[in-house]
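**Q** So that you have it, the file is entry.pdb, and it contains PDB, C-alpha atoms:
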```
ATOM      1  CA  MET A   1      28.271  25.071  19.427  1.00  0.00           C
ATOM      2  CA  ASN A   2      25.823  22.243  18.778  1.00  0.00           C
ATOM      3  CA  PRO A   3      27.524  19.580  16.647  1.00  0.00           C
ATOM      4  CA  GLN A   4      24.287  17.573  16.448  1.00  0.00           C
ATOM      5  CA  TYR A   5      22.598  20.412  14.551  1.00  0.00           C
ATOM      6  CA  LEU A   6      25.565  20.815  12.236  1.00  0.00           C
ATOM      7  CA  THR A   7      25.598  17.066  11.572  1.00  0.00           C
ATOM      8  CA  LEU A   8      21.858  17.118  10.951  1.00  0.00           C
ATOM      9  CA  ALA A   9      22.275  19.961   8.446  1.00  0.00           C
ATOM     10  CA  GLY A  10      24.826  17.862   6.557  1.00  0.00           C
ATOM     11  CA  ARG A  11      22.528  14.854   6.498  1.00  0.00           C
ATOM     12  CA  ILE A  12      19.610  16.959   5.249  1.00  0.00           C
ATOM     13  CA  ARG A  13      21.776  18.313   2.427  1.00  0.00           C
ATOM     14  CA  GLU A  14      22.761  14.764   1.511  1.00  0.00           C
ATOM     15  CA  GLU A  15      19.118  13.638   1.392  1.00  0.00           C
ATOM     16  CA  LEU A  16      18.199  16.678  -0.717  1.00  0.00           C
ATOM     17  CA  SER A  17      20.887  15.679  -3.206  1.00  0.00           C
ATOM     18  CA  ASP A  18      19.393  12.174  -3.362  1.00  0.00           C
ATOM     19  CA  ILE A  19      15.909  13.661  -3.814  1.00  0.00           C
ATOM     20  CA  GLU A  20      17.170  15.625  -6.805  1.00  0.00           C
ATOM     21  CA  GLN A  21      18.324  12.375  -8.433  1.00  0.00           C
ATOM     22  CA  ILE A  22      15.007  10.695  -7.613  1.00  0.00           C
ATOM     23  CA  VAL A  23      13.040  13.540  -9.201  1.00  0.00           C
ATOM     24  CA  ASN A  24      15.185  13.301 -12.347  1.00  0.00           C
ATOM     25  CA  ARG A  25      14.419   9.585 -12.532  1.00  0.00           C
ATOM     26  CA  ILE A  26      10.691  10.273 -12.131  1.00  0.00           C
ATOM     27  CA  ASP A  27      10.791  12.811 -14.966  1.00  0.00           C
ATOM     28  CA  SER A  28      12.754  10.500 -17.232  1.00  0.00           C
ATOM     29  CA  GLY A  29      10.589   7.459 -16.481  1.00  0.00           C
ATOM     30  CA  TRP A  30       7.366   9.409 -16.957  1.00  0.00           C
ATOM     31  CA  GLU A  31       8.546  10.778 -20.295  1.00  0.00           C
ATOM     32  CA  ARG A  32       9.534   7.308 -21.496  1.00  0.00           C
ATOM     33  CA  ALA A  33       6.232   5.821 -20.300  1.00  0.00           C
ATOM     34  CA  GLN A  34       4.301   8.473 -22.221  1.00  0.00           C
ATOM     35  CA  GLN A  35       6.363   7.961 -25.381  1.00  0.00           C
ATOM     36  CA  SER A  36       6.412   4.170 -25.386  1.00  0.00           C
ATOM     37  CA  GLY A  37       3.286   3.159 -23.489  1.00  0.00           C
ATOM     38  CA  ASP A  38       5.475   0.616 -21.698  1.00  0.00           C
ATOM     39  CA  GLU A  39       3.992  -0.090 -18.264  1.00  0.00           C
ATOM     40  CA  PHE A  40       7.378  -1.111 -16.890  1.00  0.00           C
ATOM     41  CA  TYR A  41       8.386   2.555 -17.001  1.00  0.00           C
ATOM     42  CA  LEU A  42       5.309   3.321 -14.884  1.00  0.00           C
ATOM     43  CA  ASP A  43       6.543   0.778 -12.339  1.00  0.00           C
ATOM     44  CA  GLY A  44       9.807   2.737 -12.156  1.00  0.00           C
ATOM     45  CA  VAL A  45       7.911   6.022 -11.752  1.00  0.00           C
ATOM     46  CA  ALA A  46       5.826   4.526  -8.935  1.00  0.00           C
ATOM     47  CA  LEU A  47       8.926   3.201  -7.176  1.00  0.00           C
ATOM     48  CA  ASN A  48      10.654   6.577  -7.464  1.00  0.00           C
ATOM     49  CA  LEU A  49       7.567   8.454  -6.204  1.00  0.00           C
ATOM     50  CA  HIS A  50       7.731   6.063  -3.247  1.00  0.00           C
ATOM     51  CA  SER A  51      11.433   6.871  -2.805  1.00  0.00           C
ATOM     52  CA  PHE A  52      10.777  10.615  -3.049  1.00  0.00           C
ATOM     53  CA  TYR A  53       8.405  10.559  -0.108  1.00  0.00           C
ATOM     54  CA  THR A  54      10.559   8.095   1.848  1.00  0.00           C
ATOM     55  CA  ALA A  55      13.600  10.389   1.529  1.00  0.00           C
ATOM     56  CA  LEU A  56      11.594  13.346   2.831  1.00  0.00           C
ATOM     57  CA  GLU A  57      10.209  11.274   5.667  1.00  0.00           C
ATOM     58  CA  ARG A  58      13.772  10.283   6.573  1.00  0.00           C
ATOM     59  CA  ILE A  59      14.643  13.992   6.848  1.00  0.00           C
ATOM     60  CA  PHE A  60      11.597  14.576   9.027  1.00  0.00           C
ATOM     61  CA  GLU A  61      12.470  11.643  11.284  1.00  0.00           C
ATOM     62  CA  LEU A  62      16.000  12.996  11.712  1.00  0.00           C
ATOM     63  CA  ILE A  63      14.602  16.395  12.683  1.00  0.00           C
ATOM     64  CA  ALA A  64      12.084  14.850  15.068  1.00  0.00           C
ATOM     65  CA  SER A  65      14.717  12.783  16.865  1.00  0.00           C
ATOM     66  CA  THR A  66      17.545  15.347  16.859  1.00  0.00           C
ATOM     67  CA  VAL A  67      15.761  18.668  17.374  1.00  0.00           C
ATOM     68  CA  ASP A  68      12.292  17.841  18.744  1.00  0.00           C
ATOM     69  CA  ARG A  69      13.586  14.842  20.702  1.00  0.00           C
ATOM     70  CA  ILE A  70      10.285  13.083  20.121  1.00  0.00           C
ATOM     71  CA  LYS A  71       9.025  11.027  17.197  1.00  0.00           C
ATOM     72  CA  PRO A  72       5.357  10.168  16.813  1.00  0.00           C
ATOM     73  CA  GLN A  73       4.335   6.632  17.692  1.00  0.00           C
ATOM     74  CA  GLY A  74       1.360   4.446  16.905  1.00  0.00           C
ATOM     75  CA  GLU A  75      -0.679   3.511  13.903  1.00  0.00           C
ATOM     76  CA  ASN A  76      -0.829   6.978  12.301  1.00  0.00           C
ATOM     77  CA  TRP A  77       2.725   8.050  13.025  1.00  0.00           C
ATOM     78  CA  HIS A  78       3.429   8.887   9.363  1.00  0.00           C
ATOM     79  CA  GLN A  79       0.610  11.449   9.282  1.00  0.00           C
ATOM     80  CA  GLU A  80       1.508  12.756  12.726  1.00  0.00           C
ATOM     81  CA  LEU A  81       5.127  13.252  11.649  1.00  0.00           C
ATOM     82  CA  LEU A  82       3.967  15.420   8.738  1.00  0.00           C
ATOM     83  CA  SER A  83       1.832  17.480  11.113  1.00  0.00           C
ATOM     84  CA  GLN A  84       4.723  17.792  13.545  1.00  0.00           C
ATOM     85  CA  MET A  85       6.957  19.161  10.779  1.00  0.00           C
ATOM     86  CA  ALA A  86       4.343  21.791   9.873  1.00  0.00           C
ATOM     87  CA  THR A  87       4.129  22.983  13.474  1.00  0.00           C
ATOM     88  CA  GLU A  88       6.372  25.501  15.157  1.00  0.00           C
ATOM     89  CA  ILE A  89       7.605  24.268  18.520  1.00  0.00           C
ATOM     90  CA  GLU A  90       7.999  27.323  20.686  1.00  0.00           C
ATOM     91  CA  LEU A  91      11.527  27.847  22.019  1.00  0.00           C
ATOM     92  CA  VAL A  92      12.695  24.776  20.076  1.00  0.00           C
ATOM     93  CA  ARG A  93      12.342  25.352  16.334  1.00  0.00           C
ATOM     94  CA  PRO A  94      10.270  27.008  13.605  1.00  0.00           C
ATOM     95  CA  ALA A  95       7.922  24.964  11.436  1.00  0.00           C
ATOM     96  CA  VAL A  96       9.985  22.939   8.997  1.00  0.00           C
ATOM     97  CA  ILE A  97       7.368  22.966   6.228  1.00  0.00           C
ATOM     98  CA  SER A  98       4.230  24.975   5.587  1.00  0.00           C
ATOM     99  CA  ARG A  99       0.759  23.554   6.059  1.00  0.00           C
ATOM    100  CA  LYS A 100       0.227  23.774   2.309  1.00  0.00           C
ATOM    101  CA  THR A 101       3.325  21.646   1.739  1.00  0.00           C
ATOM    102  CA  ARG A 102       2.159  19.236   4.440  1.00  0.00           C
ATOM    103  CA  ASP A 103      -1.188  18.796   2.684  1.00  0.00           C
ATOM    104  CA  THR A 104       0.465  18.182  -0.676  1.00  0.00           C
ATOM    105  CA  LEU A 105       2.989  15.760   0.806  1.00  0.00           C
ATOM    106  CA  ASP A 106       0.142  13.825   2.394  1.00  0.00           C
ATOM    107  CA  GLU A 107      -0.955  12.866  -1.125  1.00  0.00           C
ATOM    108  CA  TYR A 108       2.502  11.407  -1.775  1.00  0.00           C
ATOM    109  CA  ARG A 109       2.419   9.619   1.579  1.00  0.00           C
ATOM    110  CA  GLY A 110      -0.905   8.070   0.595  1.00  0.00           C
ATOM    111  CA  PHE A 111       0.470   6.990  -2.773  1.00  0.00           C
ATOM    112  CA  ARG A 112       3.502   5.428  -1.104  1.00  0.00           C
ATOM    113  CA  HIS A 113       1.086   3.399   1.027  1.00  0.00           C
ATOM    114  CA  VAL A 114      -0.614   2.166  -2.144  1.00  0.00           C
ATOM    115  CA  VAL A 115       2.724   1.220  -3.722  1.00  0.00           C
ATOM    116  CA  ARG A 116       3.683  -0.740  -0.616  1.00  0.00           C
ATOM    117  CA  ASN A 117       0.396  -2.590  -0.372  1.00  0.00           C
ATOM    118  CA  ARG A 118      -0.569  -3.384  -3.962  1.00  0.00           C
ATOM    119  CA  TYR A 119       0.854  -5.321  -6.828  1.00  0.00           C
ATOM    120  CA  SER A 120       2.545  -3.092  -9.380  1.00  0.00           C
ATOM    121  CA  PHE A 121       0.181  -4.187 -12.161  1.00  0.00           C
ATOM    122  CA  ASN A 122      -2.660  -2.577 -10.178  1.00  0.00           C
ATOM    123  CA  LEU A 123      -1.049   0.872 -10.281  1.00  0.00           C
ATOM    124  CA  SER A 124      -2.476   3.274 -12.836  1.00  0.00           C
ATOM    125  CA  SER A 125      -0.931   6.180 -14.665  1.00  0.00           C
ATOM    126  CA  SER A 126      -4.048   8.246 -13.906  1.00  0.00           C
ATOM    127  CA  LYS A 127      -3.189   8.098 -10.177  1.00  0.00           C
ATOM    128  CA  MET A 128       0.438   8.985 -10.820  1.00  0.00           C
ATOM    129  CA  GLU A 129      -0.074  11.782 -13.326  1.00  0.00           C
ATOM    130  CA  PRO A 130      -1.223  14.457 -10.824  1.00  0.00           C
ATOM    131  CA  LEU A 131       1.687  13.583  -8.522  1.00  0.00           C
ATOM    132  CA  VAL A 132       4.200  13.792 -11.358  1.00  0.00           C
ATOM    133  CA  ASN A 133       2.725  17.091 -12.570  1.00  0.00           C
ATOM    134  CA  LYS A 134       2.812  18.670  -9.080  1.00  0.00           C
ATOM    135  CA  LEU A 135       6.343  17.511  -8.380  1.00  0.00           C
ATOM    136  CA  PRO A 136       8.441  20.361  -9.879  1.00  0.00           C
ATOM    137  CA  LYS A 137       6.588  23.073  -7.965  1.00  0.00           C
ATOM    138  CA  LEU A 138       6.497  20.975  -4.784  1.00  0.00           C
ATOM    139  CA  VAL A 139      10.232  20.276  -4.930  1.00  0.00           C
ATOM    140  CA  ASN A 140      10.940  24.014  -5.278  1.00  0.00           C
ATOM    141  CA  GLU A 141       8.740  24.778  -2.268  1.00  0.00           C
ATOM    142  CA  ILE A 142      10.341  22.039  -0.182  1.00  0.00           C
ATOM    143  CA  GLN A 143      13.825  23.202  -1.160  1.00  0.00           C
ATOM    144  CA  THR A 144      12.986  26.760  -0.098  1.00  0.00           C
ATOM    145  CA  GLU A 145      11.413  25.652   3.180  1.00  0.00           C
ATOM    146  CA  LEU A 146      14.255  23.295   4.036  1.00  0.00           C
ATOM    147  CA  ASP A 147      16.812  25.977   3.153  1.00  0.00           C
ATOM    148  CA  HIS A 148      15.164  28.220   5.769  1.00  0.00           C
ATOM    149  CA  PHE A 149      15.301  25.368   8.259  1.00  0.00           C
ATOM    150  CA  LEU A 150      18.952  24.684   7.411  1.00  0.00           C
ATOM    151  CA  ASN A 151      19.726  28.343   8.135  1.00  0.00           C
ATOM    152  CA  PHE A 152      18.043  27.934  11.527  1.00  0.00           C
ATOM    153  CA  LEU A 153      20.152  24.833  12.241  1.00  0.00           C
ATOM    154  CA  LEU A 154      23.385  26.497  11.217  1.00  0.00           C
ATOM    155  CA  LEU A 155      22.706  29.637  13.250  1.00  0.00           C
ATOM    156  CA  THR A 156      21.630  27.617  16.283  1.00  0.00           C
ATOM    157  CA  GLY A 157      24.389  25.023  15.828  1.00  0.00           C
ATOM    158  CA  ARG A 158      27.109  27.633  15.804  1.00  0.00           C
ATOM    159  CA  GLY A 159      25.676  29.202  18.913  1.00  0.00           C
TER     160      GLY A 159
END
```
How would this structure read if it were set down as structure tokens?
**A**
Amino acid sequence: MNPQYLTLAGRIREELSDIEQIVNRIDSGWERAQQSGDEFYLDGVALNLHSFYTALERIFELIASTVDRIKPQGENWHQELLSQMATEIELVRPAVISRKTRDTLDEYRGFRHVVRNRYSFNLSSSKMEPLVNKLPKLVNEIQTELDHFLNFLLLTGRG
């Protein structure tokens, strides 16, 4: 029995629950921004898109430290972590996400960087719209991929 894997599975489930709430807030904020034209709703959408990617990155960091036992370092560690999650590590674990998901998530990672490094009044709805529109399909894909990974953890964790 590997209690670390079982604990990790619980933490991933918890983060996925938080991601569900974040996605609901993005949907609600986007709808209100479109109806009212109020830019303050766009600020909320941008912040929640930031939180969406941050929650996923937290999951990936947990996997890297618990299962892989190595987290990327250096200037591009965020991109390297995404690549690491899309790579099978022989005799250790399957790929956590597909390469297609990795490529899509990289767009969200890039947007998070913009949110962190710009003033909110410089954010535009035209940059957010494609991310908001892709989100439902992406969330379904991530849920499916992480469910497969959770099954791996549970099977491996129970020995």
**Q** Report the residues retrieved by the PyMOL selection byres ((chain A and resi 145) around 12) from the displayed file, expressed as a list of chain:residue names.
**A**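 On the file shown, the PyMOL selection byres ((chain A and resi 145) around 12) covers A:Leu16, A:Met85, A:Ala86, A:Pro94, A:Ala95, A:Val96, A:Ile97, A:Ser98, A:Arg99, A:Lys100, A:Thr101, A:Arg102, A:Leu138, A:Val139, A:Asn140, A:Glu141, A:Ile142, A:Gln143, A:Thr144, A:Leu146, A:Asp147, A:His148, A:Phe149, A:Leu150, A:Asn151, A:Phe152.
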**Q** Using only C-alpha atoms, pick whichever of A:Arg32, A:His50, A:Arg25, A:Arg11 has the shortest atom-to-atom distance to A:Asn117.
**A**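 Closest residue, counting only C-alpha atoms: A:His50.
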**Q** Name the residues captured by the PyMOL selection byres ((chain A and resi 62) around 12) when it is applied to the shown file; answer as an MDAnalysis selection string.
**A** chainID A and resid 4:5 7:12 15 55:61 63:71 81 85 96
**Q** When distances are computed from all atoms listed in the file, which of A:Val132, A:Leu82, A:Leu154, A:Leu47 shows the smallest separation from A:Arg112?
**A** A:Leu47
**Q** What's the separation between atom CA of A:Arg109 and atom CA of A:His78, in Å to one decimal place?
**A**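 Taking atom CA of A:Arg109 and atom CA of A:His78, their separation equals 7.9 Å.
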**Q** Figure out the distance between atom CA of A:Pro72 and atom CA of A:Glu90, please, to one decimal in Å.
**A**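 Answer for the atom CA of A:Glu90 to atom CA of A:Pro72 separation: 17.8 Å.
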**Q** Which is closest to A:Asn48 among A:Ala33, A:Ile26, A:Leu131, A:Val92, if we use only C-alpha atoms?
**A**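 For A:Asn48, the nearest of the candidates is A:Ile26.
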**Q** For stretch 149-159 of chain A, what centre and edge lengths in Å (one decimal) does the axis-aligned box get once 5 Å is added on each side of all its listed atoms, as JSON?
**A**
```
{"center_x": 21.2, "center_y": 27.2, "center_z": 13.2, "size_x": 21.8, "size_y": 15.0, "size_z": 21.5}
```
**Q** Around the point (-2.5, 4.4, -10.3) (coordinates from the file), which residues reach within 10 Å if we count all atoms listed in the file? Answer as a ChimeraX atom specification.
**A** /A:42-43,46,111,114-115,120-129
**Q** Counting all atoms listed in the file, figure out which residue out of A:Glu80, A:Asp106, A:Ser51, A:Leu135 gets nearest to A:Ile22.
**A** A:Ser51
